[in-house]
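Undergrad: One file: target.tsv (TSV, C-alpha atoms and all ligand atoms).
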```
chain	number	residue	atom	x	y	z
A	154	MET	CA	101.34	109.10	-2.01
A	155	ALA	CA	102.92	106.79	-4.53
A	156	ASN	CA	100.79	105.04	-7.08
A	157	MET	CA	100.79	101.34	-6.27
A	158	PHE	CA	98.58	98.31	-6.42
A	159	CYS	CA	95.98	97.85	-3.67
A	160	VAL	CA	96.70	94.65	-1.72
A	161	GLU	CA	93.00	93.92	-1.50
A	162	CYS	CA	91.53	94.59	-4.91
A	163	GLY	CA	94.71	94.84	-6.99
A	164	LYS	CA	93.63	98.09	-8.61
A	165	ASP	CA	96.27	100.54	-9.68
A	166	GLY	CA	95.59	103.74	-7.77
A	167	PRO	CA	96.31	105.83	-4.67
A	168	ILE	CA	97.02	103.74	-1.57
A	169	PHE	CA	95.24	104.95	1.55
A	170	ARG	CA	96.49	102.91	4.51
A	171	GLU	CA	97.99	99.47	5.18
A	172	GLY	CA	98.52	98.92	1.46
A	173	SER	CA	94.82	99.30	0.63
A	174	CYS	CA	92.89	101.76	-1.44
A	175	ILE	CA	90.35	103.78	0.53
A	176	SER	CA	87.30	101.74	-0.51
A	177	CYS	CA	88.99	98.46	0.49
A	178	TYR	CA	90.15	100.01	3.74
A	179	ILE	CA	86.57	100.94	4.62
A	180	LYS	CA	85.33	97.45	3.74
A	181	THR	CA	87.85	95.75	6.03
A	182	HIS	CA	87.49	98.04	9.02
A	183	SER	CA	84.60	98.89	11.25
A	184	PHE	CA	84.03	102.34	12.70
A	185	SER	CA	81.38	101.67	15.28
A	186	LYS	CA	80.74	99.07	17.91
A	187	GLY	CA	77.99	98.70	20.45
A	188	PRO	CA	76.17	96.33	22.79
A	189	GLU	CA	73.58	93.86	21.50
A	190	ILE	CA	71.11	94.67	24.26
A	191	ILE	CA	70.40	97.92	26.01
A	192	ASP	CA	67.87	98.81	28.70
A	193	ILE	CA	65.73	101.93	28.65
A	194	PRO	CA	63.64	102.49	31.80
A	195	MET	CA	60.08	103.47	31.01
A	196	CYS	CA	57.34	104.70	33.34
A	197	SER	CA	54.35	102.41	33.08
A	198	HIS	CA	51.99	105.27	34.05
A	199	CYS	CA	53.02	108.25	31.93
A	200	SER	CA	55.35	106.58	29.38
A	201	ALA	CA	58.26	108.86	30.24
A	202	TYR	CA	61.71	107.42	29.47
A	203	LYS	CA	64.89	107.66	31.42
A	204	TYR	CA	68.17	108.74	29.91
A	205	LYS	CA	71.39	109.05	31.94
A	206	ASN	CA	69.58	108.94	35.30
A	207	LEU	CA	67.10	111.63	34.27
A	208	TRP	CA	63.48	111.15	33.36
A	209	THR	CA	62.48	113.06	30.28
A	210	SER	CA	59.37	113.79	28.26
A	211	ASP	CA	61.33	113.21	25.01
A	212	LEU	CA	59.87	110.67	22.60
A	213	LEU	CA	61.32	107.16	22.49
A	214	ASN	CA	63.06	107.82	19.15
A	215	GLU	CA	64.99	110.70	20.62
A	216	VAL	CA	65.85	108.83	23.83
A	217	LEU	CA	67.04	105.84	21.80
A	218	ARG	CA	69.21	108.05	19.57
A	219	LYS	CA	70.83	109.68	22.60
A	220	THR	CA	71.33	106.31	24.32
A	221	ILE	CA	72.99	104.84	21.23
A	222	LYS	CA	75.22	107.88	20.86
A	223	ASN	CA	76.21	107.47	24.48
A	224	THR	CA	76.74	103.68	24.59
A	225	PHE	CA	78.16	102.98	21.14
A	226	ASN	CA	81.82	103.37	20.48
A	227	ILE	CA	82.11	105.42	17.31
A	228	SER	CA	85.50	106.16	15.74
A	229	LYS	CA	86.59	109.76	16.02
A	230	GLU	CA	87.69	109.57	12.40
A	231	LEU	CA	84.05	109.37	11.38
A	232	LYS	CA	82.64	112.86	10.84
A	233	LYS	CA	79.11	114.28	10.51
A	234	ILE	CA	77.65	111.28	12.29
A	235	ASP	CA	73.97	110.50	11.90
A	236	ILE	CA	72.22	107.80	13.91
A	237	ASN	CA	69.00	106.17	12.74
A	238	SER	CA	67.13	103.10	13.74
A	239	GLU	CA	64.28	100.95	12.56
A	240	CYS	CA	62.52	99.07	15.31
A	241	LYS	CA	59.93	96.36	15.49
A	242	GLU	CA	57.90	95.93	18.64
A	243	GLU	CA	58.48	92.64	20.43
A	244	LYS	CA	57.14	91.20	23.63
A	245	ASN	CA	59.64	92.72	26.05
A	246	GLY	CA	60.97	95.57	24.02
A	247	MET	CA	62.01	96.36	20.50
A	248	ASP	CA	64.09	94.60	17.93
A	249	CYS	CA	66.07	97.34	16.22
A	250	LYS	CA	68.42	97.85	13.34
A	251	VAL	CA	70.76	100.72	14.07
A	252	PHE	CA	72.33	102.61	11.18
A	253	ILE	CA	75.37	104.73	11.90
A	254	THR	CA	76.24	106.95	9.00
A	255	GLY	CA	79.20	109.26	8.70
A	256	PHE	CA	81.97	110.54	6.50
A	257	PHE	CA	85.38	108.91	6.54
A	258	ASP	CA	87.85	111.03	4.62
A	259	ASP	CA	85.05	112.32	2.32
A	260	VAL	CA	83.63	108.85	1.72
A	261	LYS	CA	80.14	108.36	3.11
A	262	LEU	CA	79.58	105.05	4.85
A	263	THR	CA	76.83	103.39	6.84
A	264	GLU	CA	77.29	100.63	9.40
A	265	GLU	CA	74.42	98.47	10.55
A	266	HIS	CA	74.00	96.86	14.00
A	267	ASN	CA	71.37	94.64	15.54
A	268	LEU	CA	70.17	95.91	18.86
A	269	PHE	CA	67.53	94.71	21.23
A	270	VAL	CA	66.06	97.51	23.35
A	271	ARG	CA	64.52	96.27	26.59
A	272	LEU	CA	61.91	98.68	27.95
A	273	LYS	CA	62.16	98.25	31.70
A	274	LYS	CA	58.80	99.13	33.25
A	275	THR	CA	59.00	101.17	36.41
A	276	VAL	CA	57.49	104.30	37.99
A	277	CYS	CA	59.08	107.64	37.21
A	278	ASP	CA	59.98	110.30	39.76
A	279	VAL	CA	56.98	112.47	38.92
A	280	CYS	CA	54.41	109.65	39.02
A	281	SER	CA	55.70	108.33	42.33
A	282	LYS	CA	55.32	111.85	43.80
A	283	ARG	CA	51.88	112.20	42.28
A	284	PHE	CA	50.65	108.91	43.73
A	285	GLY	CA	52.08	109.93	47.07
A	286	GLY	CA	49.84	113.02	47.03
A	287	TYR	CA	52.86	115.31	46.86
A	288	HIS	CA	52.05	119.02	46.66
A	289	GLU	CA	54.07	122.13	47.45
A	290	ALA	CA	51.24	124.58	46.91
A	291	ILE	CA	47.49	124.88	47.26
A	292	PHE	CA	45.79	127.30	44.93
A	293	GLN	CA	42.46	128.31	46.44
A	294	ILE	CA	39.78	130.26	44.64
A	295	ARG	CA	37.07	131.86	46.72
A	296	THR	CA	34.48	134.50	46.04
A	297	ASP	CA	33.49	137.44	48.15
A	298	LYS	CA	30.09	136.84	49.81
A	299	ARG	CA	28.88	134.25	47.33
A	300	LYS	CA	29.64	130.84	45.87
A	301	LEU	CA	31.25	130.35	42.49
A	302	SER	CA	28.62	129.85	39.82
A	303	LYS	CA	28.58	126.58	37.89
A	304	ASP	CA	29.97	128.40	34.84
A	305	GLU	CA	32.75	129.96	36.87
A	306	LEU	CA	33.67	126.59	38.40
A	307	GLU	CA	33.89	125.02	34.96
A	308	ASN	CA	35.71	127.94	33.33
A	309	ILE	CA	38.31	128.27	36.08
A	310	ARG	CA	38.92	124.55	36.20
A	311	LEU	CA	39.37	124.39	32.44
A	312	SER	CA	41.70	127.43	32.48
A	313	VAL	CA	43.91	125.93	35.21
A	314	GLU	CA	44.07	122.57	33.44
A	315	THR	CA	44.93	124.20	30.11
A	316	LEU	CA	47.66	126.30	31.76
A	317	VAL	CA	49.17	123.19	33.36
A	318	GLU	CA	49.08	121.30	30.06
A	319	ASN	CA	50.80	124.18	28.26
A	320	MET	CA	53.48	124.44	30.93
A	321	GLN	CA	54.03	120.66	30.81
A	322	ALA	CA	54.29	120.80	27.01
A	323	LYS	CA	56.96	123.49	27.36
A	324	GLY	CA	59.08	120.99	29.30
A	325	ASN	CA	57.93	121.47	32.90
A	326	ARG	CA	57.81	117.73	33.67
A	327	GLY	CA	57.68	118.17	37.43
A	328	LEU	CA	54.41	120.10	37.31
A	329	PHE	CA	51.19	118.26	37.98
A	330	ILE	CA	47.92	118.69	39.83
A	331	THR	CA	47.69	116.13	42.61
A	332	ASP	CA	44.07	116.78	43.43
A	333	VAL	CA	41.20	119.22	42.88
A	334	GLY	CA	38.55	119.85	45.50
A	335	GLU	CA	35.37	121.91	45.58
A	336	GLU	CA	35.40	123.47	49.03
A	337	HIS	CA	33.02	126.04	50.54
A	338	GLY	CA	31.66	127.09	47.14
A	339	GLY	CA	35.20	127.55	45.85
A	340	LEU	CA	37.97	125.48	44.30
A	341	ASP	CA	41.22	124.03	45.65
A	342	PHE	CA	44.01	122.87	43.36
A	343	TYR	CA	46.85	120.87	44.90
A	344	ILE	CA	49.91	121.69	42.80
A	345	SER	CA	53.25	119.87	42.78
A	346	ASP	CA	55.48	122.89	42.43
A	347	LYS	CA	55.18	126.19	44.30
A	348	GLY	CA	56.83	128.39	41.66
A	349	SER	CA	54.45	127.11	39.00
A	350	GLY	CA	51.59	127.41	41.51
A	351	LEU	CA	52.18	131.16	41.79
A	352	VAL	CA	52.45	131.56	38.02
A	353	ILE	CA	49.11	129.76	37.63
A	354	ALA	CA	47.46	131.86	40.38
A	355	LYS	CA	48.59	135.11	38.69
A	356	LYS	CA	47.40	134.02	35.24
A	357	ILE	CA	43.99	133.08	36.64
A	358	GLN	CA	43.86	136.45	38.41
A	359	ASP	CA	44.59	138.20	35.08
A	360	GLN	CA	41.76	136.30	33.49
A	361	PHE	CA	39.11	136.44	36.22
A	362	GLY	CA	40.17	139.38	38.39
A	363	GLY	CA	40.46	139.36	42.16
A	364	THR	CA	43.19	139.71	44.74
A	365	ILE	CA	45.84	137.16	45.75
A	366	LYS	CA	46.98	136.49	49.29
A	367	GLN	CA	49.95	134.23	49.98
A	368	SER	CA	50.66	132.30	53.12
A	369	SER	CA	53.11	129.56	53.99
A	370	LYS	CA	53.09	126.67	56.38
A	371	ASN	CA	56.07	124.81	57.71
A	372	ILE	CA	55.55	121.13	56.92
A	373	GLY	CA	58.79	119.74	58.32
A	374	MET	CA	62.37	119.11	57.37
A	375	LYS	CA	63.81	117.62	54.20
A	376	ASP	CA	67.57	117.24	53.56
A	377	SER	CA	68.15	119.34	56.70
A	378	LYS	CA	66.11	122.25	55.29
A	379	GLN	CA	62.74	123.55	56.41
A	380	VAL	CA	60.05	122.76	53.89
A	381	TYR	CA	57.17	125.17	53.41
A	382	ARG	CA	53.88	124.61	51.68
A	383	MET	CA	52.44	127.71	50.04
A	384	THR	CA	48.81	128.67	49.84
A	385	TYR	CA	47.79	131.14	47.16
A	386	LEU	CA	44.31	132.41	47.82
A	387	LEU	CA	42.62	134.18	44.93
A	388	ARG	CA	39.55	136.04	46.13
A	389	LEU	CA	37.24	136.93	43.27
A	390	PRO	CA	35.03	139.98	43.73
A	391	ALA	CA	31.38	139.55	44.58
A	392	PHE	CA	30.44	140.92	41.17
A	393	LYS	CA	31.44	139.40	37.87
A	394	LYS	CA	31.66	140.30	34.21
A	395	GLU	CA	28.35	141.55	32.71
A	396	ASP	CA	26.87	142.41	36.09
A	397	PHE	CA	25.08	145.71	36.67
A	398	ILE	CA	26.30	147.51	39.76
A	399	SER	CA	25.83	150.83	41.48
A	400	TYR	CA	28.38	152.76	43.41
A	401	ASN	CA	28.18	156.31	44.82
A	402	ASN	CA	24.72	156.77	43.24
A	403	SER	CA	26.01	155.97	39.75
A	404	PHE	CA	25.09	152.87	37.75
A	405	PHE	CA	27.53	150.76	35.79
A	406	TYR	CA	27.79	147.73	33.54
A	407	ILE	CA	30.92	145.59	34.04
A	408	SER	CA	32.43	144.93	30.63
A	409	SER	CA	35.47	143.04	31.92
A	410	ILE	CA	37.60	142.31	34.95
A	411	SER	CA	41.30	141.75	34.58
A	412	GLY	CA	43.64	141.45	37.53
A	413	SER	CA	42.76	144.29	39.89
A	414	LYS	CA	41.16	146.45	37.17
A	415	VAL	CA	37.43	146.58	36.62
A	416	HIS	CA	36.36	147.96	33.25
A	417	VAL	CA	32.90	149.48	33.39
A	418	ILE	CA	30.49	151.52	31.31
A	419	GLU	CA	28.50	154.17	33.09
A	420	LEU	CA	24.86	153.61	32.11
A	421	LEU	CA	23.85	157.28	32.26
A	422	ASN	CA	26.25	158.49	29.57
A	423	TRP	CA	27.89	155.35	28.16
A	424	THR	CA	31.38	156.47	29.11
A	425	LYS	CA	34.03	153.86	29.72
A	426	GLN	CA	35.83	153.91	33.04
A	427	ILE	CA	38.34	151.77	34.86
A	428	PHE	CA	38.10	151.20	38.59
A	429	ASP	CA	40.55	149.64	40.95
A	430	LEU	CA	38.96	146.57	42.41
A	431	LYS	CA	39.54	147.60	46.01
A	432	ASP	CA	37.81	150.96	45.43
A	433	ILE	CA	34.51	149.44	44.33
A	434	GLN	CA	34.58	146.28	46.40
A	435	LYS	CA	31.50	147.52	48.25
A	436	ALA	CA	29.43	148.31	45.16
A	437	ASN	CA	25.82	147.10	45.09
A	438	ILE	CA	25.14	144.29	42.66
A	439	HIS	CA	21.76	144.45	40.93
A	440	GLY	CA	21.88	141.55	38.52
A	441	ASN	CA	23.10	140.30	35.19
A	442	LYS	CA	21.68	139.74	31.67
A	443	GLU	CA	18.19	139.11	33.02
A	444	LEU	CA	17.80	142.86	33.68
A	445	VAL	CA	18.04	143.70	29.98
A	446	LYS	CA	14.69	144.02	28.17
A	447	ASP	CA	13.66	144.65	24.56
A	448	MET	CA	11.44	147.69	23.95
A	449	ILE	CA	9.81	149.20	20.87
A	450	LEU	CA	11.20	152.52	19.74
A	451	VAL	CA	8.27	154.86	19.16
A	452	SER	CA	10.00	158.13	18.44
A	453	GLN	CA	13.13	160.06	19.21
A	454	SER	CA	14.25	163.62	19.59
A	455	GLU	CA	17.79	164.88	19.92
A	456	SER	CA	17.95	164.19	23.63
A	457	GLU	CA	15.22	161.66	24.32
A	458	VAL	CA	13.59	158.48	23.08
A	459	GLN	CA	10.02	157.45	23.56
A	460	ILE	CA	9.69	153.69	23.96
A	461	MET	CA	6.88	151.24	24.47
A	462	ASN	CA	6.81	148.05	26.46
A	463	PRO	CA	5.68	145.37	23.93
A	464	LYS	CA	3.88	143.43	26.66
A	465	THR	CA	2.02	146.19	28.50
A	466	TYR	CA	1.93	148.86	25.72
A	467	GLU	CA	3.00	151.30	28.37
A	468	THR	CA	5.08	154.13	26.90
A	469	PHE	CA	7.73	156.25	28.53
A	470	ASP	CA	10.54	158.67	27.75
A	471	ILE	CA	14.20	158.09	28.46
A	472	ARG	CA	17.05	160.54	28.16
A	473	LYS	CA	19.58	159.57	25.50
A	474	PRO	CA	22.96	158.68	26.98
A	475	LYS	CA	24.68	160.63	24.26
A	476	ASN	CA	23.97	162.40	21.01
A	477	ILE	CA	23.09	159.44	18.87
A	478	SER	CA	20.34	158.56	16.44
A	479	PHE	CA	18.89	155.05	16.66
A	480	GLU	CA	18.15	153.25	13.41
A	481	SER	CA	16.53	150.13	14.79
A	482	LYS	CA	12.87	149.52	15.62
A	483	THR	CA	13.72	148.04	18.99
A	484	VAL	CA	16.04	149.17	21.72
A	485	GLN	CA	17.20	147.53	24.91
A	486	ILE	CA	16.79	148.97	28.33
A	487	VAL	CA	17.94	147.96	31.74
A	488	LYS	CA	15.74	148.67	34.72
A	489	ILE	CA	17.44	148.95	38.07
A	490	LYS	CA	15.17	149.80	40.99
A	491	ASP	CA	13.16	152.79	39.74
A	492	ARG	CA	15.79	153.86	37.22
A	493	ILE	CA	15.67	153.00	33.52
A	494	PHE	CA	18.66	153.27	31.19
A	495	LEU	CA	19.10	152.61	27.53
A	496	PHE	CA	21.48	149.73	27.19
A	497	MET	CA	22.47	148.87	23.62
A	498	LYS	CA	25.29	146.43	24.15
A	499	ASN	CA	26.37	146.31	20.48
A	500	ILE	CA	26.61	150.09	20.23
A	501	ILE	CA	28.20	150.59	23.66
A	502	ASN	CA	30.99	148.14	23.01
A	503	LYS	CA	32.02	149.84	19.76
B	1	ZN	ZN	91.35	98.18	-3.09
B	2	ZN	ZN	55.48	108.62	35.14
```
As structure tokens - that is how I would like this structure written.
TA:
Amino acid sequence: MANMFCVECGKDGPIFREGSCISCYIKTHSFSKGPEIIDIPMCSHCSAYKYKNLWTSDLLNEVLRKTIKNTFNISKELKKIDINSECKEEKNGMDCKVFITGFFDDVKLTEEHNLFVRLKKTVCDVCSKRFGGYHEAIFQIRTDKRKLSKDELENIRLSVETLVENMQAKGNRGLFITDVGEEHGGLDFYISDKGSGLVIAKKIQDQFGGTIKQSSKNIGMKDSKQVYRMTYLLRLPAFKKEDFISYNNSFFYISSISGSKVHVIELLNWTKQIFDLKDIQKANIHGNKELVKDMILVSQSESEVQIMNPKTYETFDIRKPKNISFESKTVQIVKIKDRIFLFMKNIINK
């Protein structure tokens, strides 16, 4: 490049193009061009935005950046492009200044455009399905021979709702609960998507135990394909966590239930065991926390303790479940029928 005078500023220096130095060339050319008004469809129910025919859970900033990138004509000579905007809310949309920054032959430049973004209120794909009562799966929770307790109803409902929120936050926009019903002492969740419905059923089974049965029902044709609605039935066992049960003449405390595994502690010797749910389905249920009573520890030998009922002053001896020396002045017992066991929850769970 010959050293000449720039036709624009008259400076003596390298000429870039068309007789101008690079800084004059940049001043007299523009590198981006775009419309003055653009439309972004927005759902008036869930505030989702639409970009390129697809509804997304992206924030408006991100949707606007993508829309600008897609609708503005930006010179290919501009490298490392960065798009920013500053918007002011107006009645029907947003009044924005768009800044397109990039490098032109190592010189950084920013071009500014005025843009009015019209937010077109409409109903998104997911909300229109939701209002139409759309559901591909019903997740039913029932209990064997009893109704769900109030706590169970609340806990399960909260767990399902939290799961759905987490899955939505991870980008599963199409997932929603159409309706929740309390039916026959159980719960019914109407879920938009059958794949997610099964995932939810399995996670709830992990958390609360029970067995899952699946069934499907043909609900007609759509786009020349048969459409099936799935039902996932989670049947919780008759017993629950912290219940005392007996089975084959042995007595157990249920420490936890997870999936099809029931974790128990045998009351006679405080050993931990794991049962398969189907094997102890028929166990007798004796009760829950209300069976545990505080007693005064009178004395102890290697194999027995003598305790006194603080209300009746009645004393009796109980065999120790294992070789252990009790430090405390009180102990807990659980009385089931005519059997009495020491039940020190804090020690057992260690
Ligand atoms: Zn110049
Ligand atoms: Zn919506």
Undergrad: Within 6 Å of ligand ZN 1 (chain B) (counting only C-alpha atoms and all ligand atoms), which residues show up? I'd like them as a ChimeraX atom specification.
TA: /A:159,161-162,164,173-174,176-177
Undergrad: How many Å lie between atom CA of A:Glu264 and atom CA of A:Lys186, rounded to one decimal?
TA: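 Atom CA of A:Lys186 lies at a distance of 9.3 Å from atom CA of A:Glu264.
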Undergrad: Which of these, A:Gln426, A:Asn462, A:Thr331, A:Ser238, has the shortest distance to A:Val484 once you count only C-alpha atoms?
TA: A:Asn462
Undergrad: Report as JSON the centre and the edge lengths, in Å to one decimal, of the axis-aligned box holding every listed atom of stretch 304-320 of chain A, padded by 5 Å on each side.
TA:
```
{"center_x": 41.7, "center_y": 125.6, "center_z": 33.3, "size_x": 33.5, "size_y": 18.7, "size_z": 20.1}
```
Undergrad: Can you tell me which residues sit at most 8 Å away from ligand ZN 2 (chain B), counting all atoms listed in the file, written as a ChimeraX atom specification?
TA: /A:196-201,276-281
Undergrad: Near stretch 382-399 of chain A, counting all atoms listed in the file, which residues have an atom at most 9 Å away, once you skip same-chain residues fewer than 5 positions from it, shown as an MDAnalysis selection string?
TA: chainID A and resid 288:301 347 350:351 354:355 357:358 361:372 404:410 415 430 434:442 444 487 489
Undergrad: Find the residues around A:Asn245 up to 9 Å (all atoms listed in the file counted), leave out those fewer than 6 positions away in its own chain, and share them as a ChimeraX atom specification.
TA: /A:270-273
Undergrad: Please identify all polymer residues within 12 Å of A:Glu455, counting all atoms listed in the file, omitting same-chain residues fewer than 6 positions from it, and present them as a list in words.
TA: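 Near neighbours after the sequence-gap exclusion: Ile471, Arg472, Lys473, Pro474, Lys475, Asn476, Ile477, Ser478 and Phe479 of chain A.
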Undergrad: Pick the closest to A:Thr224 from A:Asp258, A:Asp432, A:Glu242, A:Glu189: which is it, counting only C-alpha atoms?
TA: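 The shortest atom-to-atom distance to A:Thr224 comes from A:Glu189.
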